[in-house]
Structure formats: structure tokens, C-alpha cells
>>> print(open('protein-v6.cif').read())   # mmCIF, C-alpha atoms
data_entry
loop_
_atom_site.label_atom_id
_atom_site.label_comp_id
_atom_site.auth_asym_id
_atom_site.auth_seq_id
_atom_site.Cartn_x
_atom_site.Cartn_y
_atom_site.Cartn_z
CA MET H 1 74.48 -21.16 114.41
CA ARG H 2 73.86 -22.30 110.85
CA GLU H 3 71.82 -19.87 108.82
CA ARG H 4 68.54 -21.35 107.63
CA ARG H 5 67.81 -21.03 103.94
CA SER H 6 64.53 -19.42 103.11
CA PRO H 7 62.06 -21.35 100.93
CA HIS H 8 62.17 -18.42 98.53
CA LYS H 9 65.89 -18.85 97.89
CA THR H 10 65.50 -22.59 97.35
CA ARG H 11 62.85 -22.03 94.71
CA GLU H 12 65.05 -19.50 92.94
CA ARG H 13 67.74 -22.11 92.40
CA THR H 14 65.37 -24.64 90.83
CA LYS H 15 63.58 -22.24 88.48
CA PRO H 16 65.00 -19.75 85.99
CA ALA H 17 65.00 -16.08 86.97
CA ASP H 18 62.31 -14.05 85.26
CA ASN H 19 64.76 -11.69 83.58
CA ALA H 20 66.70 -14.62 82.13
CA ALA H 21 63.75 -16.66 80.91
CA ALA H 22 64.72 -16.15 77.28
CA LYS H 23 68.17 -17.74 77.85
CA ARG H 24 67.61 -20.21 80.71
CA VAL H 25 65.93 -23.41 79.54
CA THR H 26 65.89 -27.07 80.49
CA LEU H 27 68.78 -29.09 79.11
CA PRO H 28 66.65 -31.09 76.62
CA ARG H 29 65.20 -27.86 75.28
CA ALA H 30 68.69 -26.36 75.05
CA LEU H 31 69.85 -29.22 72.82
CA SER H 32 66.73 -28.78 70.71
CA LYS H 33 67.18 -25.01 70.41
CA LEU H 34 70.80 -25.54 69.37
CA GLY H 35 69.51 -27.71 66.54
CA TYR H 36 71.37 -30.79 67.72
CA CYS H 37 68.39 -33.12 68.21
CA SER H 38 64.77 -33.26 69.32
CA ARG H 39 63.85 -32.97 73.01
CA THR H 40 62.93 -36.66 73.12
CA GLN H 41 66.32 -37.61 71.69
CA ALA H 42 68.00 -35.21 74.12
CA GLU H 43 66.32 -36.86 77.11
CA ARG H 44 67.68 -40.21 75.94
CA LEU H 45 71.23 -38.82 75.62
CA ILE H 46 71.02 -37.30 79.10
CA ALA H 47 69.74 -40.57 80.60
CA GLU H 48 72.72 -42.34 79.00
CA ASN H 49 75.12 -39.90 80.76
CA ARG H 50 76.44 -38.64 77.43
CA VAL H 51 75.75 -34.94 78.06
CA ALA H 52 77.97 -32.58 80.03
CA VAL H 53 77.49 -28.93 80.97
CA ASP H 54 80.64 -26.91 81.70
CA GLY H 55 82.60 -30.16 81.92
CA ARG H 56 80.29 -31.94 84.37
CA THR H 57 78.05 -34.84 83.32
CA VAL H 58 74.36 -34.10 83.81
CA SER H 59 71.86 -36.94 84.22
CA ASP H 60 68.84 -34.86 85.29
CA ILE H 61 66.53 -34.02 82.36
CA SER H 62 64.96 -31.21 84.40
CA ALA H 63 68.28 -29.39 84.88
CA TRP H 64 68.32 -25.74 83.80
CA VAL H 65 71.11 -24.25 81.68
CA ASP H 66 71.92 -20.75 80.47
CA LEU H 67 72.24 -20.84 76.71
CA ALA H 68 74.21 -17.58 76.75
CA THR H 69 77.03 -18.93 78.93
CA ALA H 70 76.89 -22.74 79.23
CA SER H 71 79.32 -25.00 77.37
CA ILE H 72 77.37 -28.14 76.41
CA SER H 73 79.12 -31.24 75.09
CA ILE H 74 77.96 -34.63 73.78
CA ASP H 75 80.38 -37.55 74.19
CA GLY H 76 83.09 -35.03 75.00
CA LEU H 77 82.56 -32.86 71.92
CA VAL H 78 81.32 -29.30 72.49
CA ILE H 79 78.29 -28.46 70.36
CA ALA H 80 77.47 -25.06 68.96
CA ALA H 81 74.24 -23.62 67.63
CA GLU H 82 73.66 -24.49 63.99
CA ALA H 83 72.92 -21.72 61.56
CA LYS H 84 69.14 -21.37 61.30
CA ILE H 85 67.74 -22.75 58.06
CA TYR H 86 64.31 -21.91 56.64
CA LEU H 87 63.20 -23.68 53.45
CA MET H 88 60.09 -24.08 51.36
CA LEU H 89 59.35 -27.16 49.27
CA ASN H 90 56.77 -27.54 46.54
CA LYS H 91 55.73 -31.01 47.68
CA PRO H 92 54.78 -33.38 44.87
CA ARG H 93 51.80 -35.65 45.21
CA GLY H 94 52.63 -39.16 46.45
CA LEU H 95 55.28 -38.29 49.05
CA VAL H 96 54.69 -38.85 52.76
CA THR H 97 55.71 -36.18 55.26
CA THR H 98 58.14 -38.17 57.38
CA ARG H 99 61.88 -38.80 57.45
CA HIS H 100 61.66 -42.61 57.42
CA ASP H 101 58.62 -44.54 56.24
CA PRO H 102 58.27 -48.11 57.57
CA GLU H 103 56.45 -49.08 54.36
CA GLY H 104 59.34 -47.86 52.22
CA ARG H 105 57.30 -45.19 50.43
CA PRO H 106 59.07 -42.10 49.01
CA THR H 107 59.18 -39.20 51.48
CA VAL H 108 59.56 -35.43 51.32
CA TYR H 109 63.18 -35.87 52.42
CA ASP H 110 63.92 -37.33 48.99
CA CYS H 111 63.63 -33.71 47.79
CA LEU H 112 66.16 -32.52 50.41
CA ARG H 113 69.17 -34.66 49.52
CA ASN H 114 71.35 -31.57 49.07
CA PHE H 115 70.67 -30.34 52.62
CA ASP H 116 72.74 -32.33 55.11
CA ILE H 117 71.17 -30.89 58.27
CA PRO H 118 70.51 -33.46 61.04
CA HIS H 119 67.49 -31.80 62.64
CA LEU H 120 65.74 -30.23 59.65
CA SER H 121 62.04 -30.90 60.24
CA PRO H 122 58.80 -30.11 58.43
CA VAL H 123 56.55 -27.44 59.91
CA GLY H 124 53.25 -29.28 59.99
CA ARG H 125 52.28 -31.87 57.40
CA LEU H 126 50.69 -32.47 54.03
CA ASP H 127 49.17 -35.90 53.51
CA LYS H 128 50.38 -38.22 50.77
CA ALA H 129 47.76 -37.14 48.23
CA SER H 130 48.22 -33.40 48.88
CA GLU H 131 50.67 -31.06 47.17
CA GLY H 132 52.21 -27.65 47.51
CA LEU H 133 53.87 -25.44 50.09
CA LEU H 134 55.63 -27.24 52.93
CA LEU H 135 58.11 -25.46 55.22
CA PHE H 136 61.23 -26.98 56.79
CA THR H 137 63.46 -25.54 59.51
CA ASN H 138 65.88 -26.45 62.29
CA ASP H 139 64.54 -23.52 64.34
CA THR H 140 62.24 -25.35 66.75
CA GLU H 141 60.91 -22.17 68.38
CA PHE H 142 59.97 -20.72 64.97
CA ALA H 143 58.20 -23.98 64.02
CA GLN H 144 56.27 -24.19 67.29
CA ILE H 145 54.96 -20.63 66.97
CA LEU H 146 53.87 -21.17 63.36
CA LEU H 147 51.95 -24.28 64.44
CA ASP H 148 50.42 -22.76 67.57
CA PRO H 149 46.62 -22.51 67.07
CA VAL H 150 46.66 -19.25 69.02
CA THR H 151 48.39 -17.49 66.11
CA HIS H 152 45.52 -18.34 63.70
CA LEU H 153 47.99 -18.34 60.82
CA THR H 154 45.94 -18.64 57.62
CA LYS H 155 46.73 -21.41 55.13
CA THR H 156 45.38 -21.14 51.58
CA TYR H 157 44.56 -24.12 49.36
CA HIS H 158 43.50 -24.51 45.74
CA VAL H 159 41.24 -27.52 45.41
CA GLN H 160 39.98 -29.30 42.31
CA ILE H 161 36.60 -30.98 42.81
CA ASP H 162 34.45 -33.27 40.67
CA ARG H 163 31.62 -30.82 40.09
CA ILE H 164 30.72 -27.13 39.99
CA MET H 165 30.50 -25.72 43.52
CA ASP H 166 27.28 -23.78 44.09
CA ASP H 167 26.70 -20.77 46.35
CA GLU H 168 24.93 -22.83 48.99
CA ASP H 169 27.94 -25.09 49.47
CA ILE H 170 30.35 -22.13 49.60
CA VAL H 171 28.26 -20.65 52.41
CA ALA H 172 28.16 -24.02 54.18
CA MET H 173 31.95 -24.29 54.18
CA THR H 174 32.34 -20.91 55.89
CA SER H 175 29.37 -21.41 58.23
CA GLY H 176 30.52 -24.82 59.42
CA ILE H 177 29.98 -28.42 58.34
CA ARG H 178 29.62 -31.28 60.80
CA HIS H 179 31.59 -34.43 60.00
CA ASP H 180 31.90 -37.40 62.38
CA GLY H 181 30.57 -35.25 65.20
CA GLU H 182 33.13 -32.47 64.64
CA LEU H 183 32.28 -28.97 63.38
CA LEU H 184 34.65 -28.00 60.55
CA THR H 185 34.80 -24.41 59.32
CA ALA H 186 36.76 -22.58 56.63
CA THR H 187 37.64 -18.92 57.19
CA ALA H 188 36.97 -18.23 53.49
CA ALA H 189 35.96 -20.10 50.34
CA ARG H 190 35.37 -19.00 46.76
CA ARG H 191 35.19 -20.34 43.22
CA LEU H 192 38.31 -19.90 41.11
CA ARG H 193 37.51 -21.42 37.71
CA GLN H 194 35.41 -24.17 36.23
CA GLY H 195 35.21 -26.51 33.27
CA GLY H 196 32.47 -28.70 31.98
CA ARG H 197 32.63 -31.38 34.69
CA ASN H 198 34.84 -30.08 37.46
CA SER H 199 36.03 -26.86 39.03
CA TRP H 200 38.67 -25.28 41.28
CA ILE H 201 37.91 -23.53 44.55
CA GLU H 202 40.10 -21.60 46.96
CA VAL H 203 39.78 -22.43 50.66
CA GLU H 204 41.40 -20.69 53.61
CA LEU H 205 41.86 -22.30 57.03
CA ASP H 206 43.19 -20.93 60.30
CA GLU H 207 43.13 -24.25 62.15
CA GLY H 208 44.85 -27.55 61.52
CA ARG H 209 42.21 -30.27 61.77
CA ASN H 210 43.19 -33.61 60.24
CA ARG H 211 42.14 -33.84 56.55
CA GLN H 212 39.83 -30.91 57.15
CA ILE H 213 39.10 -29.85 53.57
CA ARG H 214 38.67 -33.42 52.32
CA ARG H 215 36.27 -34.17 55.17
CA MET H 216 34.21 -31.02 54.49
CA LEU H 217 33.90 -31.91 50.82
CA GLU H 218 33.00 -35.49 51.69
CA ALA H 219 30.17 -34.20 53.88
CA LEU H 220 28.94 -32.21 50.88
CA GLY H 221 29.01 -35.30 48.66
CA THR H 222 31.93 -33.92 46.68
CA GLU H 223 35.12 -35.70 45.61
CA CYS H 224 38.46 -33.94 46.04
CA LEU H 225 40.53 -34.50 42.89
CA ARG H 226 43.57 -32.38 43.81
CA LEU H 227 44.53 -30.34 46.86
CA VAL H 228 47.40 -27.85 46.64
CA ARG H 229 48.55 -25.59 49.47
CA VAL H 230 49.56 -22.30 47.86
CA ALA H 231 50.22 -20.00 50.83
CA ILE H 232 50.93 -19.92 54.57
CA GLY H 233 50.30 -16.64 56.38
CA GLY H 234 50.86 -14.60 53.23
CA LEU H 235 53.98 -16.56 52.23
CA GLU H 236 53.18 -17.73 48.70
CA LEU H 237 54.38 -20.82 46.86
CA GLY H 238 54.62 -18.77 43.67
CA GLU H 239 56.31 -20.33 40.65
CA LEU H 240 58.51 -22.78 42.56
CA PRO H 241 58.65 -25.96 40.40
CA LYS H 242 57.23 -29.22 41.67
CA GLY H 243 59.77 -30.98 43.92
CA ALA H 244 62.02 -27.92 44.10
CA VAL H 245 63.33 -26.33 47.31
CA ARG H 246 64.42 -22.79 48.06
CA ALA H 247 65.43 -20.76 51.10
CA LEU H 248 63.02 -18.17 52.49
CA THR H 249 64.16 -14.59 52.04
CA GLU H 250 64.70 -12.27 54.99
CA PRO H 251 61.62 -10.14 54.09
CA GLU H 252 59.52 -13.34 53.99
CA LEU H 253 60.79 -14.38 57.43
CA GLN H 254 60.13 -10.92 58.86
CA ALA H 255 56.58 -10.96 57.48
CA LEU H 256 55.88 -14.34 59.12
CA ARG H 257 57.33 -13.11 62.41
CA ARG H 258 55.11 -10.02 62.31
CA LYS H 259 51.99 -12.07 61.61
CA THR H 260 52.68 -14.46 64.52
CA GLY H 261 53.89 -11.83 67.00
CA MET H 262 57.43 -13.23 67.04
CA GLU H 263 58.89 -9.85 66.18
CA ARG H 264 57.36 -8.26 69.29
CA THR H 265 58.64 -11.13 71.45
CA ARG H 266 62.16 -10.74 70.06
CA ARG H 267 62.14 -7.00 70.84
CA ASN H 268 60.97 -7.61 74.39
#
>>> encode(input="protein-v6.cif", output="C-alpha cells")
Amino acid sequence: MRERRSPHKTRERTKPADNAAAKRVTLPRALSKLGYCSRTQAERLIAENRVAVDGRTVSDISAWVDLATASISIDGLVIAAEAKIYLMLNKPRGLVTTRHDPEGRPTVYDCLRNFDIPHLSPVGRLDKASEGLLLFTNDTEFAQILLDPVTHLTKTYHVQIDRIMDDEDIVAMTSGIRHDGELLTATAARRLRQGGRNSWIEVELDEGRNRQIRRMLEALGTECLRLVRVAIGGLELGELPKGAVRALTEPELQALRRKTGMERTRRN
């Protein structure tokens, strides 16, 4: 008599085991984690029957693979994990945060010509008129955790405005300002310095609402003249020249991992 398979065993084959969750991932995610391409691009390659695992072509985008043991190839060529790269750019004003701009405008990748890394992506964005600290990496897991709202990673901005900010407006920014039906709040705000007609303020955010600081100032009847991101989670832009790029140091990476809880996850 043929032995019947229990439903429990069937489920085990279609889902990764709990104790291997860190290494068993879907095939598109595996290609992304290896730094070969994005998950969307990976799904396209799989659908085109160009991906093989341990010598066998895989056409199912929901297939699970073990990153510790699987041999993954694209068009017959085995791929290996790229070395993880972590960079900071002092973004100049006027560049858009995209790899290819349909309007032909200069992009942040113009500053990265010396880094021939296929899947080097920005962590978050700065709009065209904004400047300052922008991170790039091919470590998709690292980028996702930095961007996760749950981490509440603080971002610090120095902002030049067209007037002297008074105490009432500083309080309003940290209490919450409603703009287009949305409540926008800074975690901290303070005056930095002032001249005769304009001043600089420092604003901290722990959320990533679109154009948040500009919208808050607009609601206060204030024009934003310059907006420079100077720190992310304690990682400071420092004296990096405009348009220059440098690699993050190991202590800087460790500090970011501690702030986001990545270090605890890696130990577990």
C-alpha cells in the first residue's frame, strides 16, 4: 500500500525551514542578495528560462533556494556574490536621484563613474534641488533596513530660509503642521545662525514623507532657499567635498547596524 504523505510534510517542502530562514530565500531574492540584479529584473530572467539552479533551469519565480549551497547560473555562467560596497556621496544641487533620466538631466550616477558596479543603488532619495548626504550600496538587505520606517533612523538637515525663524514656528514644526490634509512633524528643530534677511535652521526627521521639510515651511509661509542633508543616523557628511564619493568605514557601518538592530539580527 502506498504511504500517504501528510499535509505537514507537503508544506515543509514548499516553505523554508525555520532554522534556515536566513539562508533559504526565493530565487528572485537570491539574485538580488547576490548583487546581480533587482528582484523585478530577476523575475524577468527567470520567466525567460535564463536562470538555472544546480544545473537545472528554473522557471518558477516562487522557487526557494539555499544561498549557502546552491549554484546559480545565468545564461550558463555561474554567478557569485559581489563584494558589498557602501558609499556616501555629497550630492550637488541640480542632480536627480535616478540612474537614467528620460529628460536627459544630469543624475547622481554622473558622480559614480569610477564605480563599475551593476546594482549599486541609492538608499532613499534627495530631490533635484536638495543637496548633501546620499548613501549607495549593492547590499539590498542593508538598504531595506535603513529605509524601514520601523527603525526610526534620524536624518538631519541644514536648511536656509528667507527669513528669521521665530520660536513659535520652531514649536509648530515639532508639534506638527498640517499640509494638504497630512500631519507633518519634525523630531527636532532649532536655529543655527542668521543674517540680516535669512537664516539657517537644523531639522531632524525620523520619517520619509515626500518633500516633508519644504512642505512644512510652505505651510508656515516660508521659502526654502537651500536644503542640505548632513547626517543619517549619526553618520555625518563631514568635510566631504561637493560631488565627491567615499567608502564608509567599518566603524561607521557598525554604528548604523547597531542603531537599526542589524547587529542583533546578525548575531541571532
>>> residues_around(input="protein-v6.cif", residues="segment 236-252 of chain H", least_positions_apart="3", cutoff="12 Å", atoms="all atoms listed in the file", output="ChimeraX atom specification")
/H:84-95,107-115,131-137,154-158,228-233,255-259
>>> write_last_selection(input="protein-v6.cif", atoms="C-alpha atoms", output="mmCIF file, keeping the file's coordinate frame")
data_model
loop_
_atom_site.group_PDB
_atom_site.id
_atom_site.type_symbol
_atom_site.label_atom_id
_atom_site.label_comp_id
_atom_site.auth_asym_id
_atom_site.auth_seq_id
_atom_site.Cartn_x
_atom_site.Cartn_y
_atom_site.Cartn_z
ATOM 1 C CA LYS H 84 69.140 -21.370 61.300
ATOM 2 C CA ILE H 85 67.740 -22.750 58.060
ATOM 3 C CA TYR H 86 64.310 -21.910 56.640
ATOM 4 C CA LEU H 87 63.200 -23.680 53.450
ATOM 5 C CA MET H 88 60.090 -24.080 51.360
ATOM 6 C CA LEU H 89 59.350 -27.160 49.270
ATOM 7 C CA ASN H 90 56.770 -27.540 46.540
ATOM 8 C CA LYS H 91 55.730 -31.010 47.680
ATOM 9 C CA PRO H 92 54.780 -33.380 44.870
ATOM 10 C CA ARG H 93 51.800 -35.650 45.210
ATOM 11 C CA GLY H 94 52.630 -39.160 46.450
ATOM 12 C CA LEU H 95 55.280 -38.290 49.050
ATOM 13 C CA THR H 107 59.180 -39.200 51.480
ATOM 14 C CA VAL H 108 59.560 -35.430 51.320
ATOM 15 C CA TYR H 109 63.180 -35.870 52.420
ATOM 16 C CA ASP H 110 63.920 -37.330 48.990
ATOM 17 C CA CYS H 111 63.630 -33.710 47.790
ATOM 18 C CA LEU H 112 66.160 -32.520 50.410
ATOM 19 C CA ARG H 113 69.170 -34.660 49.520
ATOM 20 C CA ASN H 114 71.350 -31.570 49.070
ATOM 21 C CA PHE H 115 70.670 -30.340 52.620
ATOM 22 C CA GLU H 131 50.670 -31.060 47.170
ATOM 23 C CA GLY H 132 52.210 -27.650 47.510
ATOM 24 C CA LEU H 133 53.870 -25.440 50.090
ATOM 25 C CA LEU H 134 55.630 -27.240 52.930
ATOM 26 C CA LEU H 135 58.110 -25.460 55.220
ATOM 27 C CA PHE H 136 61.230 -26.980 56.790
ATOM 28 C CA THR H 137 63.460 -25.540 59.510
ATOM 29 C CA THR H 154 45.940 -18.640 57.620
ATOM 30 C CA LYS H 155 46.730 -21.410 55.130
ATOM 31 C CA THR H 156 45.380 -21.140 51.580
ATOM 32 C CA TYR H 157 44.560 -24.120 49.360
ATOM 33 C CA HIS H 158 43.500 -24.510 45.740
ATOM 34 C CA VAL H 228 47.400 -27.850 46.640
ATOM 35 C CA ARG H 229 48.550 -25.590 49.470
ATOM 36 C CA VAL H 230 49.560 -22.300 47.860
ATOM 37 C CA ALA H 231 50.220 -20.000 50.830
ATOM 38 C CA ILE H 232 50.930 -19.920 54.570
ATOM 39 C CA GLY H 233 50.300 -16.640 56.380
ATOM 40 C CA ALA H 255 56.580 -10.960 57.480
ATOM 41 C CA LEU H 256 55.880 -14.340 59.120
ATOM 42 C CA ARG H 257 57.330 -13.110 62.410
ATOM 43 C CA ARG H 258 55.110 -10.020 62.310
ATOM 44 C CA LYS H 259 51.990 -12.070 61.610
#
>>> closest_residue(input="protein-v6.cif", among="H:Ile164, H:Ile213, H:Val150, H:Ala129", to="His179 of chain H", atoms="only C-alpha atoms")
H:Ile213
>>> atom_distance(input="protein-v6.cif", atom1="atom CA of Gln254 of chain H", atom2="atom CA of Thr151 of chain H")
15.3 Å
>>> closest_residue(input="protein-v6.cif", among="H:Glu207, H:Glu202, H:Asp139, H:Asp60", to="His119 of chain H", atoms="all atoms listed in the file")
H:Asp139
>>> atom_distance(input="protein-v6.cif", atom1="atom CA of Arg39 of chain H", atom2="atom CA of Asp127 of chain H")
24.6 Å
>>> atom_distance(input="protein-v6.cif", atom1="atom CA of Leu205 of chain H", atom2="atom CA of Gly176 of chain H")
11.9 Å
>>> closest_residue(input="protein-v6.cif", among="H:Leu253, H:Leu31, H:Ala143, H:Val123", to="Val65 of chain H", atoms="only C-alpha atoms")
H:Leu31
>>> residues_around(input="protein-v6.cif", residues="Ala52 of chain H", least_positions_apart="2", cutoff="12 Å", atoms="all atoms listed in the file", output="ChimeraX atom specification")
/H:27-28,31,42,45-50,54-61,63,65,70-79
>>> axis_aligned_box(input="protein-v6.cif", around="segment 139-154 of chain H", padding_each_side="4 Å", output="AutoDock Vina command-line options")
--center_x 55.0 --center_y -21.4 --center_z 63.3 --size_x 27.0 --size_y 15.9 --size_z 19.4
>>> residues_near_point(input="protein-v6.cif", point="(70.6, -21.6, 67.0)", cutoff="10 Å", atoms="all atoms listed in the file", output="ChimeraX atom specification")
/H:30-36,67,80-85,138-141
>>> residues_around(input="protein-v6.cif", residues="segment 216-223 of chain H", least_positions_apart="5", cutoff="9 Å", atoms="all atoms listed in the file", output="PyMOL selection string")
chain H and resi 160-163+165+169+172-173+176-179+184-185+211
>>> closest_residue(input="protein-v6.cif", among="H:Phe142, H:Ile170, H:Cys37, H:Ala186", to="Ile117 of chain H", atoms="all atoms listed in the file")
H:Cys37
>>> closest_residue(input="protein-v6.cif", among="H:Thr69, H:Gly124, H:Gly234, H:Val171", to="Arg191 of chain H", atoms="only C-alpha atoms")
H:Val171
>>> closest_residue(input="protein-v6.cif", among="H:Trp64, H:Leu225, H:Arg209, H:Arg99", to="Arg197 of chain H", atoms="only C-alpha atoms")
H:Leu225
>>> decode(input="protein-v6.cif", residues="segment 167-195 of chain H", atoms="N, CA and C atoms", output="compact mmCIF listing (two decimals), in the first residue's frame")
# COMPACT_ATOMS: atom_id res chain seq x y z
N ASP H 167 10.38 81.56 17.55
CA ASP H 167 10.15 80.44 18.47
C ASP H 167 8.83 79.73 18.18
N GLU H 168 7.81 80.50 17.83
CA GLU H 168 6.50 79.91 17.58
C GLU H 168 6.54 78.92 16.41
N ASP H 169 7.29 79.25 15.37
CA ASP H 169 7.38 78.36 14.22
C ASP H 169 8.23 77.13 14.53
N ILE H 170 9.26 77.30 15.35
CA ILE H 170 10.07 76.15 15.77
C ILE H 170 9.20 75.15 16.52
N VAL H 171 8.37 75.66 17.42
CA VAL H 171 7.46 74.79 18.19
C VAL H 171 6.47 74.12 17.24
N ALA H 172 5.97 74.87 16.26
CA ALA H 172 5.00 74.31 15.32
C ALA H 172 5.59 73.14 14.53
N MET H 173 6.85 73.25 14.15
CA MET H 173 7.47 72.19 13.36
C MET H 173 7.58 70.90 14.16
N THR H 174 7.84 71.00 15.46
CA THR H 174 7.97 69.80 16.28
C THR H 174 6.63 69.32 16.84
N SER H 175 5.63 70.20 16.84
CA SER H 175 4.29 69.80 17.30
C SER H 175 3.47 69.18 16.18
N GLY H 176 3.76 69.60 14.96
CA GLY H 176 3.03 69.06 13.82
C GLY H 176 2.36 70.15 13.02
N ILE H 177 2.54 70.11 11.70
CA ILE H 177 1.95 71.10 10.80
C ILE H 177 1.14 70.35 9.75
N ARG H 178 -0.08 70.79 9.52
CA ARG H 178 -0.93 70.11 8.55
C ARG H 178 -0.75 70.75 7.18
N HIS H 179 -0.47 69.89 6.18
CA HIS H 179 -0.29 70.37 4.81
C HIS H 179 -0.99 69.41 3.87
N ASP H 180 -1.93 69.91 3.08
CA ASP H 180 -2.70 69.08 2.15
C ASP H 180 -3.35 67.89 2.86
N GLY H 181 -3.86 68.15 4.07
CA GLY H 181 -4.55 67.11 4.82
C GLY H 181 -3.66 66.12 5.52
N GLU H 182 -2.33 66.32 5.47
CA GLU H 182 -1.39 65.39 6.10
C GLU H 182 -0.65 66.09 7.23
N LEU H 183 -0.54 65.42 8.39
CA LEU H 183 0.17 65.99 9.53
C LEU H 183 1.65 65.68 9.40
N LEU H 184 2.47 66.73 9.33
CA LEU H 184 3.91 66.59 9.17
C LEU H 184 4.60 67.07 10.43
N THR H 185 5.52 66.25 10.96
CA THR H 185 6.16 66.58 12.23
C THR H 185 7.65 66.32 12.17
N ALA H 186 8.44 67.27 12.68
CA ALA H 186 9.87 67.09 12.83
C ALA H 186 10.16 66.59 14.24
N THR H 187 11.17 65.71 14.38
CA THR H 187 11.53 65.24 15.71
C THR H 187 12.27 66.31 16.50
N ALA H 188 12.94 67.23 15.79
CA ALA H 188 13.65 68.34 16.45
C ALA H 188 13.86 69.45 15.43
N ALA H 189 13.92 70.68 15.92
CA ALA H 189 14.21 71.84 15.08
C ALA H 189 14.84 72.92 15.94
N ARG H 190 15.83 73.61 15.38
CA ARG H 190 16.47 74.69 16.13
C ARG H 190 17.12 75.67 15.16
N ARG H 191 17.34 76.89 15.64
CA ARG H 191 18.04 77.89 14.84
C ARG H 191 19.55 77.62 14.89
N LEU H 192 20.20 77.79 13.76
CA LEU H 192 21.65 77.63 13.70
C LEU H 192 22.36 78.98 13.67
N ARG H 193 22.03 79.80 12.68
CA ARG H 193 22.65 81.12 12.54
C ARG H 193 21.73 81.98 11.67
N GLN H 194 21.96 83.28 11.72
CA GLN H 194 21.09 84.16 10.97
C GLN H 194 21.85 85.37 10.47
N GLY H 195 21.36 85.92 9.36
CA GLY H 195 21.90 87.16 8.81
C GLY H 195 20.84 88.23 8.88
